[in-house]
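Engineer: Quick one: this structure, given as structure tokens, is what I'll be asking you about.
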Amino acid sequence: MNNLLFHTFNKKVTLLILLYFSLFCSNDILFGQKAYVSGSVTDKKNGMELIGVNIKYSDSQGTVSDIFGKYKLELEAGTYTLNCSYVGYEPYKSSITLNAGDDETLNIIMTPISQNLKQVVVTAGKFEQELSEITVSMEVLSPENIENINPFNMEDVINQVPGVTINKKQANIRGGSGFSYGAGSRVMVLVDGLPMLSADAGDIKWNMLPMENAEQIEVVKGASSAMYGASALDGVINIRTTPPRLKPKTKIMFNYGMYGDPKRDEIKHWEESPMFGRLQLLHARRIKDFNLVVSTDLFHDQGYLDRVVNSRGKIFSKIEHQPKSIPGLKYGISTTYLLDTGGVFFFWANADSGAYMPSGGDVTHGIYKRLAIDPYISYYNSDRNTRHSFMNRFFQTDNHNINNPDQDALSMLAYSEYQFQKSWEMMEDYRVTFTTGAVNTYSKVKSKLYDDHAGSSNAFYAQVDHKINKVNFSFGTRLEGHQVDTLKREWVPIFRSGLNIQLAEATFLRSSIGQGFRYPSVAERYIKTNQNGVDILPNPDLNPEQGWSSEIGVKQGYQFGEMMGYFDVAGYISQYKEMIEFSFQPPLSFIASNEENSRVLGIELTTTGKTKFNDIGLQYMIGYNFITPLRLDYDPNNESLLNADSIDVKGETIVLRDLKYLKYRNRHTAKVNIQMDYKKVKFGFQYRYRSYMKNCDFYLLGLVPGYPNYFANLLYQSSGISEFDANITYSIHENMKVGIFVKNIFNKEYENFIGNLAAPRNIAVNLKIEF
């Protein structure tokens with residue numbers, strides 16, 4: 001009986017418990033079950049996934065897209081408005097109603113803001129910013145800017161930028177550099193944020209730079225050593241390569257051309273017109289969790305200079321893995337290999353019939369091999385808004401001089417950088433970004449030209465970028481130490497700061513000041529050779545050169561109907577201490593020495609924009625730069641012109657040099673780049689002007705046969721050099737274009753540098769296929 005009562009009671013309790021849990025669960029299902037919305041965030045123009053897009057469903061709650069451009073929100077049932085924001089894109093808003101248990105997909109497509117002020121750049125602060133918000137002067141080139149000029153190499157591309165000139169492969173930003181005989185650079189060149197300067201000469205290997213797969217080129221003007229270290233004394237050129245998209249991309253470019261006859265028949269040395277040609281291939285795609293990019297660039301140039309034939313082949317590959325099991329992680333390796341063969345000579349034989357021929361009849365032929373291997377890994381935590389990056393580059397250059405093996409040189413550079421970055425976004429228009437890192441560099445040089453040397457450098461840097469409503473403030477510092485062989489390690493602390501204030505809707509006032517420095521290269525300290533009968537001597541006692549630069553500028557956006565763009569004006573000053581210059585020493589030699597304390601004052605005007613008139617589109621980039629490059633140590637009582645500095649031309653006395661100015665600077669430069677399109681046809685026009693140099697080595701003038709009189713006649717005829725190029729392109733199909741490019745349209749005779757004439761008019765046909 002008792003057992004029966006117990007079992008009956010037990011059943012009732014069990015039923016009550018089951019009933020309770022069923023009611024509890026049903027209540028949870030009806031009133032507490034979550035709903036989900038997820039999707040991808042992409043760029044409307046190119047389909048690229050966007051990382052770090054802010055997706056909010058209330059003022060303080062939301063998420064950000066991950067490294068794959070994906071997002072997911074867990075919400076209560078109800079109606080929500082998703083507000084999405086991202087630098088350089090129009091705000092996105094979408095409403096969605098979710099029922100309990102829903103798992104909805106909402107793909108977000110962000111539209112880029114079609115204004116130049118909204119261009120996104122990374123070089124100024126090592127993170128994405130709008131061009132209008134940065135505190136320094138910067139110019140941006142796109143792949144279209146490259147393709148529109150059909151360049152021979154990256155030198156031709158960079159030479160489009162206002163305020164930048166190239167003197168015998170030496171980059172010069174705002175008059176900060178002159179000519180250093182192929183050694184040292186005051187401009188840091190980066191590829192995907194990593195330095196690409198050689199360990200021996202510390203110079204730019206222009207043919208190594210990725211012209212065929214450049215996504216964007218950013219040029220920072222002014223001292224940038226706080227973030228980028230030695231050699232960023234005058235600025236930075238950062239080439240960002242093409243990333244894979246959702247849709248695979250293949251590009252094929254082929255061009256073939258020839259040099260025409262020069263205006264003076266006596267300097268022509270060929271019977272058949274010299275030819276040149278190039279083939280470029282690029283393929284970028286995604287394969288599951290892997291990103292793959294491969295490209296090649298093949299070039300051959302018979303040359304307009306006597307016996308100067310150049311051929312090169314370059315291959316680039318990049319493979320990257322983004323495992324879905326660890327969101328935010330990516331790692332990969334990229335490799336670039338270049339084989340370059342060619343000839344070169346320093347000066348012409350004479351200004352008359354030998355202007356395209358080498359002095360002394362000697363052409364230096366060489367085989368040049370370059371190898372860069374770049375392994376890297378990074379992790380982005382979207383919840384904490386932090387990024388860890390570890391980047392490396394092994395860069396080897398192997399120079400073989402066929403004429404004189406004693407000038408062979410092998411150099412190796414190993415570069416490693418760890419970087420940490422964190423951003424705080426407390427509220428709308430209030431952002432703090434902190435960037436810090438450590439750098440280690442080791443270099444080794446084996447050469448009879450410089451002897452054998454080993455060097456190392458270490459650096460620690462930090463920068464804070466603070467945005468409060470319409471004010472952007474930046475402050476950075478760096479401590480870097482450098483050592484060569486057994487010399488004492490030299491430590492240099494440097495600082496920079498900048499301010500940007502939005503005065504009106506499209507008016508931005510900026511100011512900045514920054515320090516810079518550069519260690520002498522191995523070549524400058526230890527080179528010992530002879531070039532065309534001139535001895536180039538070593539100077540192991542060279543000191544680092546230091547300097548600072550400051551600017552104040554205004555960027556004004558404008559829009560008049562279909563016309564939109566910006567106008568920028570900047571005034572700047574740069575000052576240098578112990579500037580390294582090559583100078584003449586009797587009887588017949590050159591040596592690098594700390595001989596100049598100098599100051600460069602300047603003003604720069606630029607405008608960039610686009611417009612449309614019915615079916616006619618127009619894009620333009622126009623700039624003018626004026627500098628006063630002064631030698632602070634100049635003493636007119638101790639220095640005077642020589643008799644040979646003055647030459648009589650048709651009864652007028654022409655003075656070849658002005659000693660108060662720094663050598664090898666052009667006081668006036670102007671650049672105009674215009675592209676006009678009508679339906680399937682595009683017309684391009686480029687104009688470049690540079691005034692003649694006010695000062696140079698007098699003894700160098702005397703070494704170049706016939707040059708003083710040649711130069712005097714140029715000064716008599718005009719104040720500078722004007723270059724004109726043009727092109728026309730026709731779209732056969734949306735994936736295929738053919739173009740004709742003409743350089744030096746009017747076949748003018750002008751010099752690239754002292755004793756070096758530029759090419760006569762040349763014409764090329766270009767075919768581009770992209771799918």
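Labeling convention for the structure tokens: chains A, B, ... as they appear, residues from 1 per chain, ligands from 1 in order of appearance.
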Quick one: residues within 9 Å of region 185-192 of chain A, only C-alpha atoms counted, chain neighbours fewer than 3 positions away excluded, as a VMD selection string?

Structural biologist: chain A and resid 170 to 173 176 to 177 180 182 195 to 197 201 to 204 209 to 210 224 to 225 228 to 241 517 to 518 521

Engineer: Take the residues that were just selected and, keeping C-alpha atoms, output them as an mmCIF file, in the first residue's frame.

Structural biologist:
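File selection21.cif, as written:
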data_model
loop_
_atom_site.group_PDB
_atom_site.id
_atom_site.type_symbol
_atom_site.label_atom_id
_atom_site.label_comp_id
_atom_site.auth_asym_id
_atom_site.auth_seq_id
_atom_site.Cartn_x
_atom_site.Cartn_y
_atom_site.Cartn_z
ATOM 1 C CA GLN A 170 68.394 60.338 -57.088
ATOM 2 C CA ALA A 171 64.944 61.234 -55.706
ATOM 3 C CA ASN A 172 64.669 64.867 -54.675
ATOM 4 C CA ILE A 173 61.651 66.082 -52.667
ATOM 5 C CA GLY A 176 66.260 68.361 -50.145
ATOM 6 C CA SER A 177 68.668 66.395 -52.347
ATOM 7 C CA SER A 180 75.485 62.228 -54.985
ATOM 8 C CA GLY A 182 74.691 57.076 -57.090
ATOM 9 C CA PRO A 195 62.306 49.631 -46.877
ATOM 10 C CA MET A 196 63.760 48.956 -50.327
ATOM 11 C CA LEU A 197 67.174 50.641 -50.167
ATOM 12 C CA ALA A 201 75.083 52.309 -51.702
ATOM 13 C CA GLY A 202 71.898 53.056 -49.735
ATOM 14 C CA ASP A 203 70.271 54.002 -53.029
ATOM 15 C CA ILE A 204 66.978 53.285 -54.790
ATOM 16 C CA LEU A 209 60.014 48.487 -57.736
ATOM 17 C CA PRO A 210 56.650 46.831 -58.604
ATOM 18 C CA SER A 224 59.552 61.358 -41.726
ATOM 19 C CA SER A 225 62.339 59.731 -39.747
ATOM 20 C CA TYR A 228 60.486 55.412 -40.895
ATOM 21 C CA GLY A 229 63.997 55.995 -39.610
ATOM 22 C CA ALA A 230 67.227 56.919 -41.351
ATOM 23 C CA SER A 231 67.001 57.982 -45.003
ATOM 24 C CA ALA A 232 63.499 59.436 -44.523
ATOM 25 C CA LEU A 233 65.173 62.823 -44.073
ATOM 26 C CA ASP A 234 63.160 64.475 -46.871
ATOM 27 C CA GLY A 235 60.156 62.180 -47.184
ATOM 28 C CA VAL A 236 58.793 58.761 -48.056
ATOM 29 C CA ILE A 237 57.607 56.984 -51.208
ATOM 30 C CA ASN A 238 55.390 54.010 -50.320
ATOM 31 C CA ILE A 239 54.251 51.612 -53.063
ATOM 32 C CA ARG A 240 51.279 49.472 -52.029
ATOM 33 C CA THR A 241 50.851 46.352 -54.148
ATOM 34 C CA PHE A 517 68.578 62.116 -40.051
ATOM 35 C CA ARG A 518 70.617 59.896 -42.353
ATOM 36 C CA SER A 521 76.097 54.771 -46.729
#

Engineer: Just the residues within 12 Å of Lys44 (chain A), please, counting only C-alpha atoms, with nothing from its chain fewer than 5 positions along; format it as a PyMOL selection string.

Structural biologist: chain A and resi 49-50+89-90+92+107-114+246

Engineer: Give me, as JSON lines, the closest atom pair and its distance (Å, one decimal) for every residue of region 21-94 of chain A within a cut-off of 12 Å of region 385-401 of chain A, counting only C-alpha atoms, rows sorted by chain and rising number.

Structural biologist:
{"residue": "A:Ile51", "atom": "CA", "partner": "A:Asn385", "partner_atom": "CA", "distance": 11.1}
{"residue": "A:Gly52", "atom": "CA", "partner": "A:Asn385", "partner_atom": "CA", "distance": 8.3}
{"residue": "A:Val53", "atom": "CA", "partner": "A:Asn385", "partner_atom": "CA", "distance": 11.2}
{"residue": "A:Asn54", "atom": "CA", "partner": "A:Asn385", "partner_atom": "CA", "distance": 10.9}
{"residue": "A:Thr63", "atom": "CA", "partner": "A:Asn385", "partner_atom": "CA", "distance": 10.4}
{"residue": "A:Val64", "atom": "CA", "partner": "A:Asn385", "partner_atom": "CA", "distance": 8.9}
{"residue": "A:Ser65", "atom": "CA", "partner": "A:Asn385", "partner_atom": "CA", "distance": 10.9}
{"residue": "A:Asp66", "atom": "CA", "partner": "A:Asn385", "partner_atom": "CA", "distance": 10.3}
{"residue": "A:Ile67", "atom": "CA", "partner": "A:Arg387", "partner_atom": "CA", "distance": 11.0}

Engineer: For Asn148 (chain A), list every protein, DNA or RNA residue within 8 Å, evaluated using only C-alpha atoms, and leave out those in the same chain fewer than 2 positions away; present the list as a PyMOL selection string.

Structural biologist: chain A and resi 144-146+150+675+684+727

Engineer: Mind dumping the selected residues with C-alpha atoms as a CSV table (one decimal), in the first residue's frame?

Structural biologist:
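What landed in result.csv:
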chain,number,residue,atom,x,y,z
A,144,GLU,CA,45.6,54.8,-63.9
A,145,ASN,CA,48.3,57.5,-63.3
A,146,ILE,CA,50.9,54.8,-64.2
A,150,ASN,CA,53.4,54.2,-70.4
A,675,GLN,CA,43.3,63.0,-68.9
A,684,GLY,CA,46.2,62.3,-72.2
A,727,ASN,CA,48.7,59.7,-75.6

Engineer: I need the helix (DSSP H, G or I) residues of region 504-694 of chain A per DSSP on the backbone, written as a list in words.

Structural biologist: Val522, Ala523, Glu524, Arg525, Tyr526, Asn643, Ala644 and Asp645 of chain A

Engineer: Please list as an MDAnalysis selection string every residue within 7 Å of region 709-716 of chain A, counting only C-alpha atoms and excluding residues in the same chain fewer than 3 positions away.

Structural biologist: chainID A and resid 351 647 649 654 656 706 719

Engineer: Take the residues from that selection and put them in a file with all heavy atoms, as an mmCIF file, in the first residue's frame.

Structural biologist:
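Final file, part-v9.cif:
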data_model
loop_
_atom_site.group_PDB
_atom_site.id
_atom_site.type_symbol
_atom_site.label_atom_id
_atom_site.label_comp_id
_atom_site.auth_asym_id
_atom_site.auth_seq_id
_atom_site.Cartn_x
_atom_site.Cartn_y
_atom_site.Cartn_z
ATOM 1 N N ALA A 351 79.781 67.971 -76.978
ATOM 2 C CA ALA A 351 78.463 68.571 -77.150
ATOM 3 C C ALA A 351 78.009 68.582 -78.604
ATOM 4 O O ALA A 351 76.855 68.942 -78.884
ATOM 5 C CB ALA A 351 78.465 70.000 -76.613
ATOM 6 N N ILE A 647 80.536 83.354 -69.591
ATOM 7 C CA ILE A 647 80.745 83.078 -71.012
ATOM 8 C C ILE A 647 79.936 84.079 -71.825
ATOM 9 O O ILE A 647 78.760 84.351 -71.521
ATOM 10 C CB ILE A 647 80.336 81.638 -71.356
ATOM 11 C CG1 ILE A 647 81.284 80.651 -70.661
ATOM 12 C CG2 ILE A 647 80.338 81.398 -72.869
ATOM 13 C CD1 ILE A 647 80.955 79.202 -70.922
ATOM 14 N N VAL A 649 77.798 85.116 -74.889
ATOM 15 C CA VAL A 649 76.937 84.539 -75.915
ATOM 16 C C VAL A 649 76.259 85.685 -76.658
ATOM 17 O O VAL A 649 75.419 86.402 -76.085
ATOM 18 C CB VAL A 649 75.887 83.591 -75.316
ATOM 19 C CG1 VAL A 649 74.987 83.028 -76.422
ATOM 20 C CG2 VAL A 649 76.551 82.466 -74.543
ATOM 21 N N ILE A 654 76.840 85.518 -69.873
ATOM 22 C CA ILE A 654 76.040 84.506 -69.196
ATOM 23 C C ILE A 654 76.849 83.937 -68.032
ATOM 24 O O ILE A 654 77.980 83.464 -68.221
ATOM 25 C CB ILE A 654 75.644 83.365 -70.150
ATOM 26 C CG1 ILE A 654 74.876 83.919 -71.361
ATOM 27 C CG2 ILE A 654 74.821 82.315 -69.417
ATOM 28 C CD1 ILE A 654 73.555 84.581 -70.999
ATOM 29 N N LEU A 656 77.331 81.112 -65.270
ATOM 30 C CA LEU A 656 76.923 79.714 -65.181
ATOM 31 C C LEU A 656 76.517 79.286 -63.770
ATOM 32 O O LEU A 656 75.734 78.340 -63.620
ATOM 33 C CB LEU A 656 78.068 78.807 -65.657
ATOM 34 C CG LEU A 656 78.561 79.028 -67.085
ATOM 35 C CD1 LEU A 656 79.648 78.003 -67.416
ATOM 36 C CD2 LEU A 656 77.418 78.924 -68.078
ATOM 37 N N GLY A 706 82.925 70.437 -73.837
ATOM 38 C CA GLY A 706 82.003 71.317 -74.533
ATOM 39 C C GLY A 706 80.798 71.746 -73.729
ATOM 40 O O GLY A 706 79.980 72.540 -74.221
ATOM 41 N N SER A 719 64.859 79.983 -69.756
ATOM 42 C CA SER A 719 65.122 79.898 -68.317
ATOM 43 C C SER A 719 65.050 78.473 -67.794
ATOM 44 O O SER A 719 65.380 78.217 -66.629
ATOM 45 C CB SER A 719 64.108 80.752 -67.549
ATOM 46 O OG SER A 719 62.786 80.287 -67.803
#

Engineer: Can you tell me how far CA of Thr296 (chain A) sits from CA of Met211 (chain A), in Å to one decimal?

Structural biologist: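 CA of Thr296 (chain A) sits 10.0 Å away from CA of Met211 (chain A).
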
Engineer: Leaving out Asp289 (chain A) and any residue of its chain fewer than 6 positions from it, which residues lie within 9 Å of it when counting only C-alpha atoms, given as a ChimeraX atom specification?

Structural biologist: /A:320-324

Engineer: Please write the residues from the selection above to a file, keeping all heavy atoms, as a short mmCIF file (atom, residue, chain, number, x, y, z; two decimals), in the first residue's frame.

Structural biologist:
data_model
loop_
_atom_site.label_atom_id
_atom_site.label_comp_id
_atom_site.auth_asym_id
_atom_site.auth_seq_id
_atom_site.Cartn_x
_atom_site.Cartn_y
_atom_site.Cartn_z
N GLU A 320 49.37 34.14 -49.32
CA GLU A 320 48.94 34.53 -47.99
C GLU A 320 47.82 33.62 -47.52
O GLU A 320 46.94 33.25 -48.30
CB GLU A 320 48.45 35.99 -48.02
CG GLU A 320 47.97 36.54 -46.71
CD GLU A 320 47.52 37.98 -46.85
OE1 GLU A 320 48.35 38.89 -46.69
OE2 GLU A 320 46.31 38.19 -47.16
N HIS A 321 47.86 33.26 -46.26
CA HIS A 321 46.85 32.37 -45.68
C HIS A 321 46.10 33.11 -44.59
O HIS A 321 46.70 33.71 -43.70
CB HIS A 321 47.50 31.11 -45.11
CG HIS A 321 46.51 30.10 -44.62
ND1 HIS A 321 46.75 29.27 -43.54
CD2 HIS A 321 45.25 29.80 -45.06
CE1 HIS A 321 45.70 28.48 -43.35
NE2 HIS A 321 44.78 28.79 -44.26
N GLN A 322 44.78 33.06 -44.65
CA GLN A 322 43.90 33.64 -43.64
C GLN A 322 43.00 32.53 -43.10
O GLN A 322 41.88 32.33 -43.59
CB GLN A 322 43.06 34.78 -44.22
CG GLN A 322 43.88 35.96 -44.71
CD GLN A 322 43.02 37.03 -45.35
OE1 GLN A 322 42.07 36.74 -46.08
NE2 GLN A 322 43.33 38.28 -45.06
N PRO A 323 43.45 31.78 -42.09
CA PRO A 323 42.66 30.64 -41.59
C PRO A 323 41.35 31.10 -40.94
O PRO A 323 41.36 31.96 -40.06
CB PRO A 323 43.60 29.99 -40.57
CG PRO A 323 44.53 31.08 -40.15
CD PRO A 323 44.71 31.96 -41.35
N LYS A 324 40.25 30.50 -41.37
CA LYS A 324 38.96 30.86 -40.80
C LYS A 324 38.82 30.40 -39.36
O LYS A 324 37.99 30.93 -38.62
CB LYS A 324 37.84 30.26 -41.66
CG LYS A 324 37.74 30.89 -43.04
CD LYS A 324 36.57 30.32 -43.84
CE LYS A 324 36.48 31.00 -45.20
NZ LYS A 324 35.37 30.45 -46.03
#

Engineer: I'd like the interatomic distance between CA of Pro143 (chain A) and CA of Tyr337 (chain A), to a tenth of an Å.

Structural biologist: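 It comes out at 21.7 Å.
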
Engineer: Expressed in Å to a single decimal, how great is the separation between CA of Val554 (chain A) and CA of Leu509 (chain A)?

Structural biologist: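 Interatomic distance, CA of Val554 (chain A) to CA of Leu509 (chain A): 4.6 Å.
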
Engineer: Determine, counting only C-alpha atoms, which protein, DNA and RNA residues have an atom within 9 Å of an atom of region 465-480 of chain A; residues of the same chain fewer than 6 positions away are not included. Present the result as number ranges by chain.

Structural biologist: A: 125, 133-135, 225-230, 428-435, 439, 457-459, 490-503, 512, 514

Engineer: Of the candidates A:Gly609, A:Pro358, A:Gly277, A:Gly101, which one gets nearest to Gly257 (chain A) if we count only C-alpha atoms?

Structural biologist: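 Among the listed residues, the smallest separation from Gly257 (chain A) belongs to A:Gly277.
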
Engineer: Quick one: of A:Phe152, A:Asp452, A:Asn766, A:Lys247, who's nearest to Arg312 (chain A), counting only C-alpha atoms?

Structural biologist: A:Phe152

Engineer: Could you tell me which of A:Glu551, A:Val569, A:Thr364, A:Leu703 comes closest to Gly533 (chain A) if we count only C-alpha atoms?

Structural biologist: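 With only C-alpha atoms as the atom set, the closest residue is A:Leu703.
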
Engineer: List the spatial neighbours of region 262-264 of chain A as an MDAnalysis selection string - criterion: any atom at most 9 Å away, only C-alpha atoms, same-chain residues fewer than 6 positions off excluded.

Structural biologist: chainID A and resid 353 747:749 759:761

Engineer: Go through A:Asn207, A:Thr669, A:Asn695, A:Asn404 one by one, measure the shortest atom-to-atom distance of each to Asp645 (chain A) using only C-alpha atoms, and give the residue with the smallest value.

Structural biologist: A:Asn695
